[in-house]
$ cat target_30.pdb   # PDB, C-alpha atoms, pLDDT in the B column
MODEL        1
ATOM      1  CA  MET B   1      -3.391 -15.318  14.547  1.00 45.00           C
ATOM      2  CA  SER B   2      -6.185 -12.967  13.582  1.00 46.00           C
ATOM      3  CA  THR B   3      -6.530  -9.253  14.025  1.00 46.00           C
ATOM      4  CA  GLN B   4      -9.486  -8.257  16.140  1.00 47.00           C
ATOM      5  CA  ILE B   5     -11.219  -4.908  16.115  1.00 43.00           C
ATOM      6  CA  ARG B   6     -13.320  -4.258  19.178  1.00 45.00           C
ATOM      7  CA  LYS B   7     -16.969  -3.377  18.584  1.00 45.00           C
ATOM      8  CA  GLU B   8     -16.524  -0.212  20.630  1.00 46.00           C
ATOM      9  CA  ASP B   9     -13.851   0.995  18.158  1.00 47.00           C
ATOM     10  CA  PRO B  10     -15.959   1.469  15.025  1.00 46.00           C
ATOM     11  CA  VAL B  11     -14.556   2.719  11.764  1.00 47.00           C
ATOM     12  CA  THR B  12     -16.125   6.125  11.282  1.00 49.00           C
ATOM     13  CA  ASP B  13     -16.298   6.083   7.475  1.00 54.00           C
ATOM     14  CA  SER B  14     -17.913   3.204   5.599  1.00 63.00           C
ATOM     15  CA  ARG B  15     -15.897   4.228   2.512  1.00 73.00           C
ATOM     16  CA  LEU B  16     -12.594   3.101   4.039  1.00 79.00           C
ATOM     17  CA  ALA B  17     -10.024   2.242   1.388  1.00 81.00           C
ATOM     18  CA  ILE B  18      -6.601   0.771   2.074  1.00 85.00           C
ATOM     19  CA  ILE B  19      -3.576   0.725  -0.221  1.00 84.00           C
ATOM     20  CA  VAL B  20      -1.072  -1.962   0.795  1.00 88.00           C
ATOM     21  CA  LEU B  21       2.389  -1.109  -0.541  1.00 84.00           C
ATOM     22  CA  ALA B  22       3.884  -4.581  -0.906  1.00 83.00           C
ATOM     23  CA  ALA B  23       6.425  -3.974  -3.670  1.00 78.00           C
ATOM     24  CA  GLY B  24       9.637  -3.948  -1.618  1.00 76.00           C
ATOM     25  CA  GLN B  25      12.483  -6.343  -2.236  1.00 75.00           C
ATOM     26  CA  GLY B  26      13.722  -6.701   1.326  1.00 74.00           C
ATOM     27  CA  THR B  27      17.357  -6.062   0.349  1.00 76.00           C
ATOM     28  CA  ARG B  28      18.126  -4.340   3.653  1.00 82.00           C
ATOM     29  CA  MET B  29      16.899  -7.524   5.310  1.00 79.00           C
ATOM     30  CA  LYS B  30      19.652  -9.421   3.430  1.00 81.00           C
ATOM     31  CA  SER B  31      17.074 -11.775   1.949  1.00 81.00           C
ATOM     32  CA  SER B  32      15.816 -12.734  -1.487  1.00 80.00           C
ATOM     33  CA  LEU B  33      12.332 -13.076   0.000  1.00 83.00           C
ATOM     34  CA  PRO B  34      10.140  -9.973  -0.389  1.00 82.00           C
ATOM     35  CA  LYS B  35       9.915  -8.263   2.979  1.00 84.00           C
ATOM     36  CA  LEU B  36       6.161  -8.679   3.328  1.00 86.00           C
ATOM     37  CA  MET B  37       6.483 -12.429   2.747  1.00 89.00           C
ATOM     38  CA  HIS B  38       8.775 -12.861   5.760  1.00 88.00           C
ATOM     39  CA  PRO B  39       7.026 -14.822   8.498  1.00 90.00           C
ATOM     40  CA  LEU B  40       5.840 -13.100  11.649  1.00 92.00           C
ATOM     41  CA  ALA B  41       4.055 -15.201  14.274  1.00 95.00           C
ATOM     42  CA  GLY B  42       3.707 -18.040  11.775  1.00 94.00           C
ATOM     43  CA  GLN B  43       2.248 -15.983   8.907  1.00 94.00           C
ATOM     44  CA  PRO B  44       3.697 -13.766   6.203  1.00 93.00           C
ATOM     45  CA  ILE B  45       3.657 -10.104   7.260  1.00 91.00           C
ATOM     46  CA  VAL B  46       1.311  -9.229   4.390  1.00 92.00           C
ATOM     47  CA  SER B  47      -1.233 -11.725   5.767  1.00 94.00           C
ATOM     48  CA  HIS B  48      -1.383  -9.716   8.997  1.00 93.00           C
ATOM     49  CA  VAL B  49      -1.915  -6.512   7.018  1.00 92.00           C
ATOM     50  CA  LEU B  50      -4.694  -8.083   4.944  1.00 94.00           C
ATOM     51  CA  ALA B  51      -6.333  -9.533   8.063  1.00 93.00           C
ATOM     52  CA  THR B  52      -6.404  -6.018   9.513  1.00 91.00           C
ATOM     53  CA  ALA B  53      -7.987  -4.687   6.307  1.00 90.00           C
ATOM     54  CA  ARG B  54     -10.632  -7.417   6.546  1.00 90.00           C
ATOM     55  CA  ALA B  55     -11.257  -6.721  10.240  1.00 90.00           C
ATOM     56  CA  LEU B  56     -11.694  -3.014   9.472  1.00 87.00           C
ATOM     57  CA  ASP B  57     -14.243  -3.970   6.809  1.00 86.00           C
ATOM     58  CA  ALA B  58     -12.521  -1.811   4.210  1.00 85.00           C
ATOM     59  CA  ALA B  59     -14.683  -1.055   1.196  1.00 83.00           C
ATOM     60  CA  HIS B  60     -11.638  -1.238  -1.090  1.00 82.00           C
ATOM     61  CA  VAL B  61      -8.224  -2.835  -0.664  1.00 87.00           C
ATOM     62  CA  ILE B  62      -5.585  -2.254  -3.318  1.00 84.00           C
ATOM     63  CA  THR B  63      -2.334  -4.204  -2.999  1.00 87.00           C
ATOM     64  CA  VAL B  64       0.696  -2.949  -4.921  1.00 85.00           C
ATOM     65  CA  VAL B  65       3.238  -5.619  -5.905  1.00 86.00           C
ATOM     66  CA  ARG B  66       6.511  -5.678  -7.832  1.00 82.00           C
ATOM     67  CA  HIS B  67       9.352  -7.918  -6.580  1.00 79.00           C
ATOM     68  CA  GLU B  68       8.310 -11.599  -6.795  1.00 83.00           C
ATOM     69  CA  ARG B  69       4.926 -10.301  -7.984  1.00 85.00           C
ATOM     70  CA  ASP B  70       3.476 -13.709  -8.878  1.00 89.00           C
ATOM     71  CA  SER B  71       4.158 -15.266  -5.464  1.00 90.00           C
ATOM     72  CA  LEU B  72       2.948 -12.204  -3.607  1.00 89.00           C
ATOM     73  CA  ALA B  73      -0.152 -11.790  -5.796  1.00 90.00           C
ATOM     74  CA  ALA B  74      -1.065 -15.449  -5.227  1.00 93.00           C
ATOM     75  CA  LEU B  75      -0.754 -14.993  -1.473  1.00 93.00           C
ATOM     76  CA  VAL B  76      -2.866 -11.819  -1.548  1.00 92.00           C
ATOM     77  CA  ALA B  77      -5.510 -13.502  -3.721  1.00 92.00           C
ATOM     78  CA  GLU B  78      -5.684 -16.373  -1.236  1.00 94.00           C
ATOM     79  CA  ASP B  79      -5.856 -14.159   1.874  1.00 93.00           C
ATOM     80  CA  LEU B  80      -8.152 -11.431   0.525  1.00 92.00           C
ATOM     81  CA  PRO B  81      -9.628 -12.358  -2.886  1.00 91.00           C
ATOM     82  CA  GLU B  82     -11.485  -9.052  -3.204  1.00 89.00           C
ATOM     83  CA  SER B  83      -8.229  -7.064  -3.103  1.00 88.00           C
ATOM     84  CA  ILE B  84      -7.308  -5.320  -6.356  1.00 83.00           C
ATOM     85  CA  ILE B  85      -3.711  -6.224  -7.229  1.00 85.00           C
ATOM     86  CA  VAL B  86      -1.662  -3.559  -9.019  1.00 82.00           C
ATOM     87  CA  ASP B  87       1.765  -4.225 -10.527  1.00 81.00           C
ATOM     88  CA  GLN B  88       3.992  -1.255  -9.737  1.00 76.00           C
ATOM     89  CA  GLU B  89       6.095  -1.679 -12.889  1.00 73.00           C
ATOM     90  CA  ARG B  90       3.037  -1.579 -15.128  1.00 63.00           C
ATOM     91  CA  SER B  91       1.417   1.470 -13.552  1.00 57.00           C
ATOM     92  CA  PRO B  92       1.210   4.616 -15.683  1.00 49.00           C
ATOM     93  CA  ALA B  93       1.941   6.985 -12.783  1.00 55.00           C
ATOM     94  CA  PRO B  94       3.330   6.874  -9.249  1.00 64.00           C
ATOM     95  CA  VAL B  95       1.501   3.862  -7.915  1.00 62.00           C
ATOM     96  CA  ALA B  96      -0.116   5.398  -4.835  1.00 61.00           C
ATOM     97  CA  LEU B  97      -1.629   8.175  -6.932  1.00 65.00           C
ATOM     98  CA  TRP B  98      -2.694   5.747  -9.637  1.00 59.00           C
ATOM     99  CA  SER B  99      -4.243   3.388  -7.066  1.00 59.00           C
ATOM    100  CA  ARG B 100      -6.288   6.226  -5.622  1.00 63.00           C
ATOM    101  CA  ARG B 101      -7.831   6.710  -9.077  1.00 63.00           C
ATOM    102  CA  LEU B 102      -9.316   3.199  -8.799  1.00 61.00           C
ATOM    103  CA  MET B 103     -11.428   4.357  -5.872  1.00 62.00           C
ATOM    104  CA  PRO B 104     -14.886   5.775  -6.528  1.00 60.00           C
ATOM    105  CA  TYR B 105     -14.417   8.761  -4.192  1.00 58.00           C
ATOM    106  CA  PRO B 106     -11.642  11.138  -3.109  1.00 59.00           C
ATOM    107  CA  PRO B 107      -9.604  10.228  -0.013  1.00 54.00           C
ATOM    108  CA  ILE B 108     -10.441  11.884   3.276  1.00 52.00           C
ATOM    109  CA  SER B 109      -6.973  11.286   4.686  1.00 50.00           C
ATOM    110  CA  THR B 110      -3.919   9.212   3.961  1.00 49.00           C
ATOM    111  CA  ALA B 111      -1.312   7.511   6.101  1.00 49.00           C
ATOM    112  CA  THR B 112       2.048   6.117   5.070  1.00 47.00           C
ATOM    113  CA  CYS B 113       4.087   3.480   6.869  1.00 47.00           C
ATOM    114  CA  SER B 114       7.601   2.539   5.859  1.00 42.00           C
TER     115      SER B 114
ENDMDL
END
$ encode --input "target_30.pdb" --output "structure tokens"
Amino acid sequence: MSTQIRKEDPVTDSRLAIIVLAAGQGTRMKSSLPKLMHPLAGQPIVSHVLATARALDAAHVITVVRHERDSLAALVAEDLPESIIVDQERSPAPVALWSRRLMPYPPISTATCS
């Protein structure tokens, strides 16, 4: 399953940057599997998110990992090799703020999903 962006719905800023917060454990899901590695329509949830980032032609994608970091980082590297992978436990500041510092320009707007 791939995410499709219609040509008539262009991204208005070619500097689009996306921060994927993929550090959750999934404990409320009663699972040892990180929540973004749970399958949805035959793919891990994070694969759908990364496919959307690719379809939007984001200039920068930063993926934040923590729980089961090696497995998740390997999946991210396979799905979107150009994504910058940040380990939440090794970040010097709150990870979303620190990740924004990796971008070469200030954000225009931010959105958070939980």
$ atom_distance --input "target_30.pdb" --atom1 "CA of Arg54 in chain B" --atom2 "CA of Arg28 in chain B"
29.1 Å
$ residues_around --input "target_30.pdb" --residues "range 62-72 of chain B" --least-positions-apart "4" --cutoff "7 Å" --atoms "all atoms listed in the file" --output "PyMOL selection string"
chain B and resi 18-25+34+76+83-89+99
$ resolve_selection --input "target_30.pdb" --expression "the PyMOL selection byres ((chain B and resi 53) around 10)" --output "MDAnalysis selection string"
chainID B and resid 3 16:20 47:52 54:61 80 83
$ atom_distance --input "target_30.pdb" --atom1 "CA of Arg15 in chain B" --atom2 "CA of Pro44 in chain B"
26.9 Å
$ atom_distance --input "target_30.pdb" --atom1 "CA of Leu33 in chain B" --atom2 "CA of Glu82 in chain B"
24.4 Å
$ build_atoms --input "target_30.pdb" --residues "range 31-50 of chain B" --atoms "N, CA and C atoms" --output "PDB file, in the frame of the given file"
ATOM      1  N   SER B  31      17.874 -10.611   2.301  1.00 81.00           N
ATOM      2  CA  SER B  31      17.074 -11.775   1.949  1.00 81.00           C
ATOM      3  C   SER B  31      16.570 -11.638   0.521  1.00 81.00           C
ATOM      4  N   SER B  32      16.409 -12.759  -0.151  1.00 80.00           N
ATOM      5  CA  SER B  32      15.816 -12.734  -1.487  1.00 80.00           C
ATOM      6  C   SER B  32      14.292 -12.770  -1.403  1.00 80.00           C
ATOM      7  N   LEU B  33      13.775 -13.031  -0.231  1.00 83.00           N
ATOM      8  CA  LEU B  33      12.332 -13.076   0.000  1.00 83.00           C
ATOM      9  C   LEU B  33      11.792 -11.655   0.139  1.00 83.00           C
ATOM     10  N   PRO B  34      10.718 -11.307  -0.571  1.00 82.00           N
ATOM     11  CA  PRO B  34      10.140  -9.973  -0.389  1.00 82.00           C
ATOM     12  C   PRO B  34       9.814  -9.734   1.079  1.00 82.00           C
ATOM     13  N   LYS B  35      10.041  -8.516   1.541  1.00 84.00           N
ATOM     14  CA  LYS B  35       9.915  -8.263   2.979  1.00 84.00           C
ATOM     15  C   LYS B  35       8.544  -8.604   3.540  1.00 84.00           C
ATOM     16  N   LEU B  36       7.481  -8.386   2.790  1.00 86.00           N
ATOM     17  CA  LEU B  36       6.161  -8.679   3.328  1.00 86.00           C
ATOM     18  C   LEU B  36       5.804 -10.159   3.276  1.00 86.00           C
ATOM     19  N   MET B  37       6.699 -10.985   2.716  1.00 89.00           N
ATOM     20  CA  MET B  37       6.483 -12.429   2.747  1.00 89.00           C
ATOM     21  C   MET B  37       7.265 -13.094   3.879  1.00 89.00           C
ATOM     22  N   HIS B  38       8.069 -12.310   4.600  1.00 88.00           N
ATOM     23  CA  HIS B  38       8.775 -12.861   5.760  1.00 88.00           C
ATOM     24  C   HIS B  38       7.757 -13.259   6.822  1.00 88.00           C
ATOM     25  N   PRO B  39       7.982 -14.379   7.479  1.00 90.00           N
ATOM     26  CA  PRO B  39       7.026 -14.822   8.498  1.00 90.00           C
ATOM     27  C   PRO B  39       7.113 -13.994   9.781  1.00 90.00           C
ATOM     28  N   LEU B  40       5.973 -13.766  10.349  1.00 92.00           N
ATOM     29  CA  LEU B  40       5.840 -13.100  11.649  1.00 92.00           C
ATOM     30  C   LEU B  40       4.725 -13.827  12.379  1.00 92.00           C
ATOM     31  N   ALA B  41       5.034 -14.427  13.502  1.00 95.00           N
ATOM     32  CA  ALA B  41       4.055 -15.201  14.274  1.00 95.00           C
ATOM     33  C   ALA B  41       3.385 -16.273  13.410  1.00 95.00           C
ATOM     34  N   GLY B  42       4.202 -16.918  12.557  1.00 94.00           N
ATOM     35  CA  GLY B  42       3.707 -18.040  11.775  1.00 94.00           C
ATOM     36  C   GLY B  42       3.005 -17.686  10.477  1.00 94.00           C
ATOM     37  N   GLN B  43       2.895 -16.410  10.145  1.00 94.00           N
ATOM     38  CA  GLN B  43       2.248 -15.983   8.907  1.00 94.00           C
ATOM     39  C   GLN B  43       3.104 -14.940   8.206  1.00 94.00           C
ATOM     40  N   PRO B  44       2.995 -14.853   6.885  1.00 93.00           N
ATOM     41  CA  PRO B  44       3.697 -13.766   6.203  1.00 93.00           C
ATOM     42  C   PRO B  44       3.172 -12.410   6.713  1.00 93.00           C
ATOM     43  N   ILE B  45       4.042 -11.428   6.766  1.00 91.00           N
ATOM     44  CA  ILE B  45       3.657 -10.104   7.260  1.00 91.00           C
ATOM     45  C   ILE B  45       2.453  -9.573   6.498  1.00 91.00           C
ATOM     46  N   VAL B  46       2.429  -9.755   5.175  1.00 92.00           N
ATOM     47  CA  VAL B  46       1.311  -9.229   4.390  1.00 92.00           C
ATOM     48  C   VAL B  46      -0.013  -9.862   4.819  1.00 92.00           C
ATOM     49  N   SER B  47       0.001 -11.089   5.293  1.00 94.00           N
ATOM     50  CA  SER B  47      -1.233 -11.725   5.767  1.00 94.00           C
ATOM     51  C   SER B  47      -1.800 -10.998   6.976  1.00 94.00           C
ATOM     52  N   HIS B  48      -0.919 -10.500   7.840  1.00 93.00           N
ATOM     53  CA  HIS B  48      -1.383  -9.716   8.997  1.00 93.00           C
ATOM     54  C   HIS B  48      -2.017  -8.408   8.534  1.00 93.00           C
ATOM     55  N   VAL B  49      -1.387  -7.776   7.546  1.00 92.00           N
ATOM     56  CA  VAL B  49      -1.915  -6.512   7.018  1.00 92.00           C
ATOM     57  C   VAL B  49      -3.291  -6.737   6.395  1.00 92.00           C
ATOM     58  N   LEU B  50      -3.418  -7.793   5.598  1.00 94.00           N
ATOM     59  CA  LEU B  50      -4.694  -8.083   4.944  1.00 94.00           C
ATOM     60  C   LEU B  50      -5.766  -8.491   5.949  1.00 94.00           C
TER      61      LEU B  50
END
